[in-house]
Amino acid sequence: MAYPLVLALGGSLLRPEESERHAWISSLANLLLGCEGSIGIVVGGGAAAREAIELARGRGENDLDTLDEIGIAATRVNASIVSQILQDAGLDVFAGIPSDVASAVQGLEAHSVVVMGGTRPGHTTDNVAIRLAIEVKAARCLIATNVAYVYSSDPRVDSGALPIESMTLSELQNIVGPPVHGKAGGSSVIDPIGVQAAIDNNLPLAVLDGREMERIGDALAGKPFDGTRIEVG
Ligand code: UTP
């Protein structure tokens, strides 16, 4: 039997200003209906997390764990919405949102789809997806987000940033930095804590533009896809 697939969906993919998001979620459901085997989906907090964390910060809350818990709550709300839509589409989805990776692994033993959000303070949902991929022996952890590639530098501030189609985990670590959880709601292309976990466990990763459903479909099917492949090394 094939090992489960693991897909991280950046919370930005669900944000209100993203046009066509209803169509996007429906096409995700259709895509999953055509998939063989099981899949673990880890949903990020996106705008909901950022706004809630900023609201708490603005009120003087500076405790990192407390701010992280607020972010986790937002990821779980987003995960609940995705889970419900996938259930409504007829997929065999584990009921509820697992609060840790071990429960998600159990869920995948009995269901085709498990949807979860964050688990505990100190990292982001990228790390949750990477941990889940390690536990279920997924061939690669797919990270769908709102950028098409990992870039040589931050394309938001450097117009000379170059897209990278293929790289190693060590090269990725040179870009994202050491495994430190800097601040709640902080955004790196991939959580450096997750990158370290992937290095420690020889797990290949991929980053792709989740707004392009065809790319998610190709990556899930194991076909060549537009995006960045990150290999062990
Ligand atoms: P996200 O996973 O959405 O992280 O979790 P992000 O990098 O800020 O956002 P994207 O990937 O660009 O969409 C939101 C916040 O929730 C907390 C962290 O503070 C994170 O920044 N969080 C999330 C945790 O503390 N633990 C978790 O397991 C997940």
# chains A, B, ... in the order shown; residues from 1 in each chain; ligands from 1
call {"tool": "residues_near_ligand", "arguments": {"ligand": "ligand 1", "cutoff": "9 Å", "atoms": "only C-alpha atoms and all ligand atoms", "output": "ChimeraX atom specification"}}
result
/A:8-13,42-50,53,64-76,99-100,117-128,145-146,181,183-191
call {"tool": "select_by_dssp", "arguments": {"residues": "stretch 17-229 of chain A", "states": "alpha helix (DSSP H)", "output": "PyMOL selection string"}}
result
chain A and resi 21-33+46-58+64-88+101-110+125-135+169-176+192-200+213-220
call {"tool": "residues_around", "arguments": {"residues": "A:Val195", "least_positions_apart": "5", "cutoff": "12 Å", "atoms": "only C-alpha atoms", "output": "number ranges by chain"}}
result
A: 123-124, 126-131, 141, 143, 168-181, 188-190, 200-206, 230-233
call {"tool": "write_last_selection", "arguments": {"atoms": "C-alpha atoms", "output": "PDB file, in the first residue's frame"}}
result
ATOM      1  CA  HIS A 123       6.653  26.673  15.148  1.00  0.00           C
ATOM      2  CA  THR A 124       4.205  27.066  12.229  1.00  0.00           C
ATOM      3  CA  ASP A 126       4.871  24.020   7.859  1.00  0.00           C
ATOM      4  CA  ASN A 127       6.590  22.173  10.678  1.00  0.00           C
ATOM      5  CA  VAL A 128       3.370  20.304  11.532  1.00  0.00           C
ATOM      6  CA  ALA A 129       3.073  19.129   7.906  1.00  0.00           C
ATOM      7  CA  ILE A 130       6.733  18.117   7.813  1.00  0.00           C
ATOM      8  CA  ARG A 131       6.373  16.165  11.096  1.00  0.00           C
ATOM      9  CA  CYS A 141       5.985  17.057   1.944  1.00  0.00           C
ATOM     10  CA  ILE A 143       3.861  23.004   0.662  1.00  0.00           C
ATOM     11  CA  THR A 168      18.931  20.840  -1.598  1.00  0.00           C
ATOM     12  CA  LEU A 169      17.667  21.066   1.966  1.00  0.00           C
ATOM     13  CA  SER A 170      21.013  22.613   3.035  1.00  0.00           C
ATOM     14  CA  GLU A 171      20.683  25.290   0.343  1.00  0.00           C
ATOM     15  CA  LEU A 172      17.174  26.002   1.613  1.00  0.00           C
ATOM     16  CA  GLN A 173      18.498  26.290   5.153  1.00  0.00           C
ATOM     17  CA  ASN A 174      21.013  28.882   3.950  1.00  0.00           C
ATOM     18  CA  ILE A 175      18.043  30.972   2.780  1.00  0.00           C
ATOM     19  CA  VAL A 176      15.627  30.498   5.719  1.00  0.00           C
ATOM     20  CA  GLY A 177      18.251  30.485   8.450  1.00  0.00           C
ATOM     21  CA  PRO A 178      18.776  28.408  11.596  1.00  0.00           C
ATOM     22  CA  PRO A 179      15.908  26.571  13.314  1.00  0.00           C
ATOM     23  CA  VAL A 180      14.603  29.360  15.511  1.00  0.00           C
ATOM     24  CA  HIS A 181      10.987  30.409  16.103  1.00  0.00           C
ATOM     25  CA  SER A 188       9.404  32.718   6.030  1.00  0.00           C
ATOM     26  CA  VAL A 189       8.896  30.765   2.787  1.00  0.00           C
ATOM     27  CA  ILE A 190       9.189  27.612   4.926  1.00  0.00           C
ATOM     28  CA  ASP A 200      17.284  15.421  10.270  1.00  0.00           C
ATOM     29  CA  ASN A 201      14.855  12.930   8.732  1.00  0.00           C
ATOM     30  CA  ASN A 202      15.916  13.004   5.043  1.00  0.00           C
ATOM     31  CA  LEU A 203      12.517  14.225   3.879  1.00  0.00           C
ATOM     32  CA  PRO A 204      12.325  15.927   0.451  1.00  0.00           C
ATOM     33  CA  LEU A 205      10.056  18.972   0.261  1.00  0.00           C
ATOM     34  CA  ALA A 206       8.337  20.958  -2.470  1.00  0.00           C
ATOM     35  CA  ILE A 230      13.934  20.451  -2.469  1.00  0.00           C
ATOM     36  CA  GLU A 231      15.973  17.272  -2.299  1.00  0.00           C
ATOM     37  CA  VAL A 232      17.897  15.637   0.498  1.00  0.00           C
ATOM     38  CA  GLY A 233      21.440  16.937   0.716  1.00  0.00           C
TER      39      GLY A 233
END
call {"tool": "atom_distance", "arguments": {"atom1": "atom CA of A:Asn78", "atom2": "atom CA of A:Arg15"}}
result
9.8 Å
call {"tool": "residues_around", "arguments": {"residues": "A:Gly40", "least_positions_apart": "4", "cutoff": "9 Å", "atoms": "only C-alpha atoms", "output": "list of chain:residue names"}}
result
A:Pro4, A:Leu5, A:Val6, A:Leu7, A:Ala8, A:Ala104, A:Val105, A:Leu108, A:Ser112, A:Val113, A:Val114, A:Val115, A:Met116, A:Ala129, A:Leu132, A:Ala133
call {"tool": "select_by_dssp", "arguments": {"residues": "stretch 4-230 of chain A", "states": "strand (DSSP E)", "output": "JSON, numbers by chain"}}
result
{"A": [5, 6, 7, 8, 9, 39, 40, 41, 42, 43, 113, 114, 115, 116, 141, 142, 143, 144, 145, 150, 151, 163, 164, 166, 167, 168, 205, 206, 207, 208, 209, 228, 229, 230]}
call {"tool": "write_last_selection", "arguments": {"atoms": "N, CA and C atoms", "output": "mmCIF file, in the first residue's frame"}}
result
data_model
loop_
_atom_site.group_PDB
_atom_site.id
_atom_site.type_symbol
_atom_site.label_atom_id
_atom_site.label_comp_id
_atom_site.auth_asym_id
_atom_site.auth_seq_id
_atom_site.Cartn_x
_atom_site.Cartn_y
_atom_site.Cartn_z
ATOM 1 N N LEU A 5 -0.069 10.855 1.334
ATOM 2 C CA LEU A 5 0.482 12.122 0.850
ATOM 3 C C LEU A 5 0.276 13.159 1.945
ATOM 4 N N VAL A 6 1.135 14.149 1.977
ATOM 5 C CA VAL A 6 0.937 15.246 2.946
ATOM 6 C C VAL A 6 1.054 16.575 2.199
ATOM 7 N N LEU A 7 0.025 17.412 2.395
ATOM 8 C CA LEU A 7 -0.069 18.704 1.703
ATOM 9 C C LEU A 7 -0.305 19.801 2.736
ATOM 10 N N ALA A 8 0.593 20.778 2.780
ATOM 11 C CA ALA A 8 0.372 21.968 3.619
ATOM 12 C C ALA A 8 -0.275 23.031 2.739
ATOM 13 N N LEU A 9 -1.366 23.606 3.229
ATOM 14 C CA LEU A 9 -2.037 24.692 2.496
ATOM 15 C C LEU A 9 -1.825 25.982 3.270
ATOM 16 N N ILE A 39 -4.577 11.135 2.355
ATOM 17 C CA ILE A 39 -3.847 12.409 2.355
ATOM 18 C C ILE A 39 -4.067 13.165 3.661
ATOM 19 N N GLY A 40 -2.996 13.671 4.202
ATOM 20 C CA GLY A 40 -3.061 14.555 5.365
ATOM 21 C C GLY A 40 -2.910 15.992 4.889
ATOM 22 N N ILE A 41 -3.852 16.844 5.276
ATOM 23 C CA ILE A 41 -3.825 18.250 4.845
ATOM 24 C C ILE A 41 -3.637 19.124 6.088
ATOM 25 N N VAL A 42 -2.661 20.007 6.038
ATOM 26 C CA VAL A 42 -2.377 20.879 7.184
ATOM 27 C C VAL A 42 -2.605 22.320 6.733
ATOM 28 N N VAL A 43 -3.556 23.003 7.392
ATOM 29 C CA VAL A 43 -3.995 24.324 6.932
ATOM 30 C C VAL A 43 -3.392 25.417 7.816
ATOM 31 N N VAL A 113 -8.917 11.103 4.277
ATOM 32 C CA VAL A 113 -8.428 12.478 4.443
ATOM 33 C C VAL A 113 -8.449 12.862 5.919
ATOM 34 N N VAL A 114 -7.367 13.477 6.378
ATOM 35 C CA VAL A 114 -7.340 14.114 7.700
ATOM 36 C C VAL A 114 -6.945 15.570 7.475
ATOM 37 N N VAL A 115 -7.709 16.487 8.065
ATOM 38 C CA VAL A 115 -7.376 17.909 7.958
ATOM 39 C C VAL A 115 -7.041 18.411 9.356
ATOM 40 N N MET A 116 -5.917 19.079 9.480
ATOM 41 C CA MET A 116 -5.537 19.632 10.782
ATOM 42 C C MET A 116 -4.927 21.011 10.603
ATOM 43 N N CYS A 141 7.012 16.181 1.364
ATOM 44 C CA CYS A 141 5.985 17.057 1.944
ATOM 45 C C CYS A 141 5.758 18.213 0.968
ATOM 46 N N LEU A 142 4.518 18.362 0.514
ATOM 47 C CA LEU A 142 4.170 19.397 -0.466
ATOM 48 C C LEU A 142 3.657 20.632 0.260
ATOM 49 N N ILE A 143 4.261 21.764 -0.009
ATOM 50 C CA ILE A 143 3.861 23.004 0.662
ATOM 51 C C ILE A 143 3.297 23.956 -0.384
ATOM 52 N N ALA A 144 1.960 24.095 -0.372
ATOM 53 C CA ALA A 144 1.289 24.962 -1.345
ATOM 54 C C ALA A 144 1.069 26.319 -0.690
ATOM 55 N N THR A 145 1.517 27.362 -1.373
ATOM 56 C CA THR A 145 1.457 28.683 -0.763
ATOM 57 C C THR A 145 1.122 29.720 -1.824
ATOM 58 N N VAL A 150 10.554 28.859 -4.281
ATOM 59 C CA VAL A 150 11.518 29.445 -3.352
ATOM 60 C C VAL A 150 12.389 30.367 -4.211
ATOM 61 N N TYR A 151 12.666 31.554 -3.695
ATOM 62 C CA TYR A 151 13.501 32.518 -4.430
ATOM 63 C C TYR A 151 14.862 32.653 -3.746
ATOM 64 N N PRO A 163 13.861 32.831 -9.093
ATOM 65 C CA PRO A 163 13.158 31.599 -8.715
ATOM 66 C C PRO A 163 14.095 30.397 -8.832
ATOM 67 N N ILE A 164 13.916 29.445 -7.917
ATOM 68 C CA ILE A 164 14.776 28.244 -7.915
ATOM 69 C C ILE A 164 13.884 27.029 -8.181
ATOM 70 N N SER A 166 15.108 23.761 -8.421
ATOM 71 C CA SER A 166 15.597 22.572 -7.723
ATOM 72 C C SER A 166 16.728 22.973 -6.793
ATOM 73 N N MET A 167 16.712 22.459 -5.584
ATOM 74 C CA MET A 167 17.747 22.816 -4.608
ATOM 75 C C MET A 167 17.830 21.707 -3.565
ATOM 76 N N THR A 168 18.826 21.816 -2.678
ATOM 77 C CA THR A 168 18.931 20.840 -1.598
ATOM 78 C C THR A 168 18.374 21.455 -0.307
ATOM 79 N N LEU A 205 11.174 18.031 0.164
ATOM 80 C CA LEU A 205 10.056 18.972 0.261
ATOM 81 C C LEU A 205 9.735 19.502 -1.134
ATOM 82 N N ALA A 206 8.625 20.210 -1.238
ATOM 83 C CA ALA A 206 8.337 20.958 -2.470
ATOM 84 C C ALA A 206 7.550 22.198 -2.095
ATOM 85 N N VAL A 207 7.820 23.281 -2.797
ATOM 86 C CA VAL A 207 7.041 24.516 -2.635
ATOM 87 C C VAL A 207 6.397 24.809 -3.980
ATOM 88 N N LEU A 208 5.095 25.067 -3.956
ATOM 89 C CA LEU A 208 4.416 25.368 -5.214
ATOM 90 C C LEU A 208 3.285 26.361 -4.980
ATOM 91 N N ASP A 209 2.852 26.975 -6.088
ATOM 92 C CA ASP A 209 1.797 27.984 -6.011
ATOM 93 C C ASP A 209 0.445 27.290 -5.866
ATOM 94 N N THR A 228 9.278 24.515 -6.740
ATOM 95 C CA THR A 228 10.644 24.204 -6.302
ATOM 96 C C THR A 228 10.679 22.823 -5.659
ATOM 97 N N ARG A 229 11.514 21.958 -6.211
ATOM 98 C CA ARG A 229 11.760 20.653 -5.564
ATOM 99 C C ARG A 229 12.970 20.790 -4.662
ATOM 100 N N ILE A 230 12.835 20.313 -3.427
ATOM 101 C CA ILE A 230 13.934 20.451 -2.469
ATOM 102 C C ILE A 230 14.345 19.042 -2.054
#
call {"tool": "atom_distance", "arguments": {"atom1": "atom CA of A:Ile193", "atom2": "atom CA of A:Ile97"}}
result
22.6 Å
call {"tool": "closest_residue", "arguments": {"among": "A:Met213, A:Leu91, A:Val157, A:Val82", "to": "A:Cys35", "atoms": "only C-alpha atoms"}}
result
A:Leu91
call {"tool": "atom_distance", "arguments": {"atom1": "atom CA of A:Glu214", "atom2": "atom CA of A:Lys137"}}
result
24.3 Å
call {"tool": "closest_residue", "arguments": {"among": "A:Asp88, A:Glu61, A:Glu135, A:Glu165", "to": "A:Val101", "atoms": "only C-alpha atoms"}}
result
A:Glu135
call {"tool": "closest_residue", "arguments": {"among": "A:Gly160, A:Gly58, A:Gly182, A:Gly222", "to": "A:Ala139", "atoms": "only C-alpha atoms"}}
result
A:Gly222
call {"tool": "closest_residue", "arguments": {"among": "A:Ala2, A:Ala23, A:Ala148, A:Ala56", "to": "A:Ser38", "atoms": "only C-alpha atoms"}}
result
A:Ala2
